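In what follows, a single structure is set out as structure tokens and then discussed.
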Amino acid sequence: TPHRRLCTDCGVSRTAEPARCAQACQFIQPDYPGLERRVHGRARQQGTSAHPAQPDELFFGPYQQILSARLDPPTQGAQWTGITTRLAEVLLEQGLVDAVIAMAADPNDRWRPSPVLVTRAEDMAQCRGMRMGFAPLLSLVEPSLARGLKRLAVIAIPCQVYPLRMLEAEWRQHHGLESLYVIGTPCSDNTTTERFHEFLSLIAPDPKAVQYLEFRPDYKVELREAQGRV
């Protein structure tokens, strides 16, 4: 794969047709209003005196309703409460999807993301928590469809959701995709796992003891160690 300065290795460049990066990548030639109309039926509202926009729609994009929610009781080992993982579990339990494409931890590095295809609700437990680094999540879409898993859910960050939605129509037309649920998660800072370990070594007295990391909205970084120290 040729080096691209802004490439976050979403996985499109690892498919049989890597040239699709030119049309699918959000960093090359993005068309957010066009994609919003395709996915949501309209672009985000530009408020006017006659037709005020919904609050914060210019920031969040088109929406029907915004809710603040947490899983009660929280799932053990989750980053926050485990609600994202639980949503995917319910999709599998209720037979609404054939598989979920998400991130698990690399067996040799708990911080390194490794794309996985999950077909059983109980296996979503491996996807709990945050991973740090680029990982080719979308490289699993076409192999999943080739296996006959035509109803998919994908848990992804924005630079993965954009190409996923850009290529959705092609996957429906040529690869048999029947339905697609997208569970988006936020991403504020992303880099390679190697650079993350370098960052962790600069802020943590004992990087190997860190079990949890959170970039907080108050601009602080919270670390939790295995023995309970915060």
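We name chains A, B, ... following the order of the structure tokens; residues begin at 1 in each chain, and ligands are numbered from 1 as shown.
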
Strand (DSSP E) positions in range 8-227 of chain A, given as JSON, numbers by chain: {"A": [99, 100, 101, 102, 103, 104, 105, 106, 109, 110, 111, 112, 113, 114, 115, 116, 117, 118, 151, 152, 153, 154, 155, 156, 179, 180, 181, 182, 183, 184, 210, 211, 212, 213, 214, 215, 221, 222, 223, 224, 225]}

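Between CA of Arg14 in chain A and CA of Asp31 in chain A the interatomic distance comes to 22.6 Å.
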
Would you write out, as a Markdown table, a table of all residues in range 89-151 of chain A that have an atom no more than 12 Å from an atom of range 55-78 of chain A, listing for each the closest atom pair and the distance in Å to one decimal, considering only C-alpha atoms and ordering rows by chain and rising residue number?
| residue | atom | partner | partner_atom | distance |
| --- | --- | --- | --- | --- |
| A:Met124 | CA | A:Ala78 | CA | 11.3 |
| A:Ala125 | CA | A:Gly77 | CA | 8.8 |
| A:Gln126 | CA | A:Gly77 | CA | 9.7 |
| A:Cys127 | CA | A:Ala78 | CA | 8.8 |
| A:Arg128 | CA | A:Ala78 | CA | 5.0 |
| A:Gly129 | CA | A:Ala78 | CA | 4.9 |
| A:Met130 | CA | A:Ala78 | CA | 8.3 |
| A:Arg131 | CA | A:Ala78 | CA | 11.6 |

Running DSSP on the backbone, which parts of range 30-168 of chain A land in alpha helix (DSSP H), as a VMD selection string? chain A and resid 32 to 40 57 to 60 83 to 93 141 to 146 158 to 168

Using only C-alpha atoms, which protein or nucleic acid residues come within 12 Å of Arg224 in chain A? Drop anything in the same chain fewer than 2 positions from it, and give the result as a list in words.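 Once the adjacent positions are removed, what remains is Gln79, Ala204, Pro205, Asp206, Pro207, Lys208, Ala209, Val210, Gln211, Tyr212, Leu213, Glu214, Val221, Glu222, Ala226, Gln227, Gly228, Arg229 and Val230 of chain A.
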
Selection: 12 Å around Asp106 in chain A, only C-alpha atoms, excl. self and same-chain fewer than 6 positions, as a PDB file with all heavy atoms, in the first residue's frame:
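So the final result, stored in out-v7.pdb, reads:
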ATOM      1  N   ARG A 112      -3.431  -2.668  21.348  1.00  0.00           N
ATOM      2  CA  ARG A 112      -3.441  -2.698  19.892  1.00  0.00           C
ATOM      3  C   ARG A 112      -4.780  -3.252  19.380  1.00  0.00           C
ATOM      4  O   ARG A 112      -5.172  -4.363  19.740  1.00  0.00           O
ATOM      5  CB  ARG A 112      -2.295  -3.559  19.361  1.00  0.00           C
ATOM      6  CG  ARG A 112      -2.167  -3.542  17.825  1.00  0.00           C
ATOM      7  CD  ARG A 112      -1.033  -4.449  17.372  1.00  0.00           C
ATOM      8  NE  ARG A 112       0.236  -4.044  17.952  1.00  0.00           N
ATOM      9  CZ  ARG A 112       1.004  -3.091  17.448  1.00  0.00           C
ATOM     10  NH1 ARG A 112       0.642  -2.446  16.349  1.00  0.00           N
ATOM     11  NH2 ARG A 112       2.153  -2.782  18.033  1.00  0.00           N
ATOM     12  N   PRO A 113      -5.500  -2.512  18.536  1.00  0.00           N
ATOM     13  CA  PRO A 113      -6.777  -3.013  18.020  1.00  0.00           C
ATOM     14  C   PRO A 113      -6.588  -4.081  16.963  1.00  0.00           C
ATOM     15  O   PRO A 113      -5.670  -4.012  16.143  1.00  0.00           O
ATOM     16  CB  PRO A 113      -7.429  -1.749  17.432  1.00  0.00           C
ATOM     17  CG  PRO A 113      -6.269  -0.883  17.045  1.00  0.00           C
ATOM     18  CD  PRO A 113      -5.183  -1.156  18.050  1.00  0.00           C
ATOM     19  N   SER A 114      -7.454  -5.050  16.993  1.00  0.00           N
ATOM     20  CA  SER A 114      -7.440  -6.124  16.005  1.00  0.00           C
ATOM     21  C   SER A 114      -8.869  -6.345  15.520  1.00  0.00           C
ATOM     22  O   SER A 114      -9.749  -6.694  16.311  1.00  0.00           O
ATOM     23  CB  SER A 114      -6.899  -7.414  16.645  1.00  0.00           C
ATOM     24  OG  SER A 114      -6.912  -8.482  15.713  1.00  0.00           O
ATOM     25  N   PRO A 115      -9.148  -6.128  14.238  1.00  0.00           N
ATOM     26  CA  PRO A 115     -10.520  -6.301  13.737  1.00  0.00           C
ATOM     27  C   PRO A 115     -10.994  -7.745  13.889  1.00  0.00           C
ATOM     28  O   PRO A 115     -10.242  -8.691  13.633  1.00  0.00           O
ATOM     29  CB  PRO A 115     -10.405  -5.906  12.256  1.00  0.00           C
ATOM     30  CG  PRO A 115      -9.148  -5.113  12.151  1.00  0.00           C
ATOM     31  CD  PRO A 115      -8.227  -5.673  13.185  1.00  0.00           C
ATOM     32  N   VAL A 116     -12.247  -7.901  14.314  1.00  0.00           N
ATOM     33  CA  VAL A 116     -12.804  -9.243  14.486  1.00  0.00           C
ATOM     34  C   VAL A 116     -14.224  -9.278  13.917  1.00  0.00           C
ATOM     35  O   VAL A 116     -14.921  -8.273  13.855  1.00  0.00           O
ATOM     36  CB  VAL A 116     -12.849  -9.663  15.975  1.00  0.00           C
ATOM     37  CG1 VAL A 116     -11.446  -9.881  16.510  1.00  0.00           C
ATOM     38  CG2 VAL A 116     -13.593  -8.643  16.813  1.00  0.00           C
ATOM     39  N   GLN A 126     -15.118  -9.751  24.140  1.00  0.00           N
ATOM     40  CA  GLN A 126     -13.726  -9.478  23.779  1.00  0.00           C
ATOM     41  C   GLN A 126     -13.536  -8.067  23.217  1.00  0.00           C
ATOM     42  O   GLN A 126     -12.408  -7.585  23.106  1.00  0.00           O
ATOM     43  CB  GLN A 126     -13.246 -10.491  22.731  1.00  0.00           C
ATOM     44  CG  GLN A 126     -13.977 -10.369  21.395  1.00  0.00           C
ATOM     45  CD  GLN A 126     -13.541 -11.392  20.382  1.00  0.00           C
ATOM     46  OE1 GLN A 126     -12.350 -11.546  20.131  1.00  0.00           O
ATOM     47  NE2 GLN A 126     -14.496 -12.103  19.809  1.00  0.00           N
ATOM     48  N   CYS A 127     -14.637  -7.407  22.871  1.00  0.00           N
ATOM     49  CA  CYS A 127     -14.565  -6.080  22.258  1.00  0.00           C
ATOM     50  C   CYS A 127     -14.747  -4.949  23.260  1.00  0.00           C
ATOM     51  O   CYS A 127     -14.773  -3.772  22.861  1.00  0.00           O
ATOM     52  CB  CYS A 127     -15.619  -5.961  21.152  1.00  0.00           C
ATOM     53  SG  CYS A 127     -15.433  -7.180  19.829  1.00  0.00           S
ATOM     54  N   ARG A 131      -9.244   0.720  22.411  1.00  0.00           N
ATOM     55  CA  ARG A 131      -7.971   0.353  21.790  1.00  0.00           C
ATOM     56  C   ARG A 131      -7.359   1.621  21.215  1.00  0.00           C
ATOM     57  O   ARG A 131      -8.062   2.562  20.855  1.00  0.00           O
ATOM     58  CB  ARG A 131      -8.175  -0.656  20.658  1.00  0.00           C
ATOM     59  CG  ARG A 131      -9.141  -1.770  21.005  1.00  0.00           C
ATOM     60  CD  ARG A 131      -8.545  -2.798  21.941  1.00  0.00           C
ATOM     61  NE  ARG A 131      -9.595  -3.700  22.400  1.00  0.00           N
ATOM     62  CZ  ARG A 131      -9.832  -4.004  23.661  1.00  0.00           C
ATOM     63  NH1 ARG A 131      -9.097  -3.471  24.605  1.00  0.00           N
ATOM     64  NH2 ARG A 131     -10.790  -4.829  24.002  1.00  0.00           N
ATOM     65  N   MET A 132      -6.055   1.629  21.085  1.00  0.00           N
ATOM     66  CA  MET A 132      -5.379   2.818  20.589  1.00  0.00           C
ATOM     67  C   MET A 132      -4.512   2.464  19.392  1.00  0.00           C
ATOM     68  O   MET A 132      -3.540   1.710  19.515  1.00  0.00           O
ATOM     69  CB  MET A 132      -4.527   3.444  21.696  1.00  0.00           C
ATOM     70  CG  MET A 132      -5.315   3.981  22.872  1.00  0.00           C
ATOM     71  SD  MET A 132      -6.440   5.330  22.434  1.00  0.00           S
ATOM     72  CE  MET A 132      -5.254   6.602  22.006  1.00  0.00           C
ATOM     73  N   GLY A 133      -4.873   2.982  18.228  1.00  0.00           N
ATOM     74  CA  GLY A 133      -4.064   2.754  17.035  1.00  0.00           C
ATOM     75  C   GLY A 133      -4.915   2.474  15.821  1.00  0.00           C
ATOM     76  O   GLY A 133      -6.107   2.183  15.919  1.00  0.00           O
ATOM     77  N   ALA A 135      -6.315   0.419  12.616  1.00  0.00           N
ATOM     78  CA  ALA A 135      -6.590  -0.992  12.353  1.00  0.00           C
ATOM     79  C   ALA A 135      -7.560  -1.097  11.186  1.00  0.00           C
ATOM     80  O   ALA A 135      -8.532  -0.348  11.121  1.00  0.00           O
ATOM     81  CB  ALA A 135      -7.168  -1.679  13.589  1.00  0.00           C
ATOM     82  N   THR A 193      -0.301   2.367  17.182  1.00  0.00           N
ATOM     83  CA  THR A 193      -0.168   1.839  18.540  1.00  0.00           C
ATOM     84  C   THR A 193       1.239   2.100  19.076  1.00  0.00           C
ATOM     85  O   THR A 193       1.420   2.352  20.277  1.00  0.00           O
ATOM     86  CB  THR A 193      -0.477   0.337  18.561  1.00  0.00           C
ATOM     87  OG1 THR A 193      -1.785   0.123  18.016  1.00  0.00           O
ATOM     88  CG2 THR A 193      -0.449  -0.211  19.975  1.00  0.00           C
TER      89      THR A 193
END
